[in-house]
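Engineer: Just dropping this structure here.
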Amino acid sequence: MGTQTTAQQRLQNTRKAHRATLLGAGIDLVIGIAKLITGSLVGSAALIADAIHSFSDLVTDIFVLAATHYGRQEPDNDHPYGHGRIETLATLLLGSMLIFVAGAIAWSSLENLLADQAVNTPGYWAIGLAVIGVLSKEWIFRFTLRVAREVNSSLLEANAWHSRSDALSTVAVLIGLIGAQLGAGWADTVAALIVGLMIGHVGVRLMWESSRELVDTALPPEEQQALLDIASAVPGVHGVHDLRTRNVGSDVLLDLHIVVAPRVTVSEAHGIGNAVCRRLYKTYPKVTDVTFHIDPQDDTGAPDIDVGADLPLRNDVERQLDNVWQTYAIWQQRIDINLHYIDERIDITLFVPESQPPSNLDTMTLTLRNAASELEWMGQLQLWQGTVNDA
């Protein structure tokens, strides 16, 4: 039921993202055509540059549509962690494309500025169109940002801020057009140059953020601490360490070590781990995958492969114990044996039949302990009467 609900939510979020993107693309197309025609008629380099910027937004919107469609599909055999990195890759390509467009606009503007070409008076139609462009891009920004936060899409949010940068660049164009209208022809070329620089800034920022995600950069320290606090507050958790986080698209994946009481059963320890997962999912909605490792003690910083690497496993333990205890009836009559790997030793709990007199247990514990003195890995030894719970 939970998986079905998640899939339905993903589908709804994808549809919302598509509607917001398509609406913005439609407005970009209309405004871009109007800017290009008007800029060509009045000879405004700034307005033409802004039109090119608007058309680049259409390519951006196509990237966003494709990435949100494929990037929000459910995990499969080839992509067990989901398809979120498609959004990341699309953001990286978008950033590089914006840098290319910015370079072309800036180079053309510098050539015009150095050549000191005469600029025609743009007229009030061009100025009015620039005002409409500012207002429309600001509306797209606010609408897209609201949807991006509803559906938790970093790519859609990046596209929203791209629209905000468009609005700011159109403000620069508007100032340039007003300056040209007042006789300062160079203001139009300078405005075009500013537009190019602003587009380049957005492209660099998008490439930087997506590159950090591709190399599995961790969440900010304050967010990591918040996750640690959430996990540590779960009953039965004695400590949390070795927290590792990364982003996959709009999702957060994390690994952590959970310290529990050293002698709890496997099922109880696993239940505590599941409780930590549920608390993280509920409190931090961006978390979509949690991998936890149960520790019977705090081994912070110790590589998993080195912890207890020389200690024997159950088959070897029973074989070695049989070598030293085979002559003792209490060992031959054992019901079960529990092993606890603690402090580089193996503590043993031996369950014996209830027919054994309780008064003999302490004596037999000491006898068995002495008989096994040659086993360097052996820690504490306890004898219990009765059956054992699964552990």
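Each chain of the structure tokens is named A, B, ... in the order shown, its residues numbered from 1; ligands are numbered from 1 in display order.
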Can I get the residues of segment 209-249 of chain A within 12 Å of segment 158-165 of chain A, each with the closest pair of atoms and their distance in Å to one decimal, using only C-alpha atoms, sorted chain first then ascending number, as JSON lines?

Structural biologist:
```
{"residue": "A:Glu209", "atom": "CA", "partner": "A:Ala158", "partner_atom": "CA", "distance": 9.9}
{"residue": "A:Ser210", "atom": "CA", "partner": "A:Ala158", "partner_atom": "CA", "distance": 10.5}
{"residue": "A:Gly249", "atom": "CA", "partner": "A:Ala158", "partner_atom": "CA", "distance": 11.9}
```

Engineer: If you run DSSP on the backbone, which residues of segment 80-315 of chain A are alpha helix (DSSP H), as an NGL selection string?

Structural biologist: :A and (85-115 or 124-151 or 154-181 or 186-214 or 221-232 or 266-283 or 314-315)

Engineer: Please, what distance in Å, to one decimal, runs between atom CA of Ile52 of chain A and atom CA of Thr91 of chain A?

Structural biologist: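 These atoms are spaced 19.3 Å apart.
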
Engineer: Looking at only C-alpha atoms, which of A:Ile37, A:Val151, A:Val266, A:Leu92 is the one that sits closest to Ser211 of chain A?

Structural biologist: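 Of the candidates, the smallest distance to Ser211 of chain A is held by A:Leu92.
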
Engineer: Tell me, as a ChimeraX atom specification, which residues lie within 10 Å of Gly32 of chain A, counting only C-alpha atoms; anything in the same chain fewer than 5 positions away does not count.

Structural biologist: /A:26-27,37-38,47-58,133

Engineer: I want to know what sits within 12 Å of Tyr328 of chain A, based on only C-alpha atoms, with residues of the same chain fewer than 3 positions away left out; could you give that as number ranges by chain?

Structural biologist: A: 321-325, 331-334, 364-365, 367-368, 371

Engineer: Between A:Leu182, A:Ala104, A:Leu93, A:Ala226, which one has atoms that come closest to Val64 of chain A, using only C-alpha atoms?

Structural biologist: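 Between A:Leu182, A:Ala104, A:Leu93, A:Ala226, the residue approaching Val64 of chain A most closely is A:Leu93.
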
Engineer: May I have the residues within 12 Å of Leu361 of chain A as number ranges by chain, using only C-alpha atoms and disregarding those fewer than 3 positions away in the same chain?

Structural biologist: A: 330, 350-358, 364-369, 381-385

Engineer: Would you mind listing what lies within 10 Å of Gln225 of chain A as number ranges by chain, with only C-alpha atoms counted and same-chain residues fewer than 6 positions away left out?

Structural biologist: A: 219, 231, 243
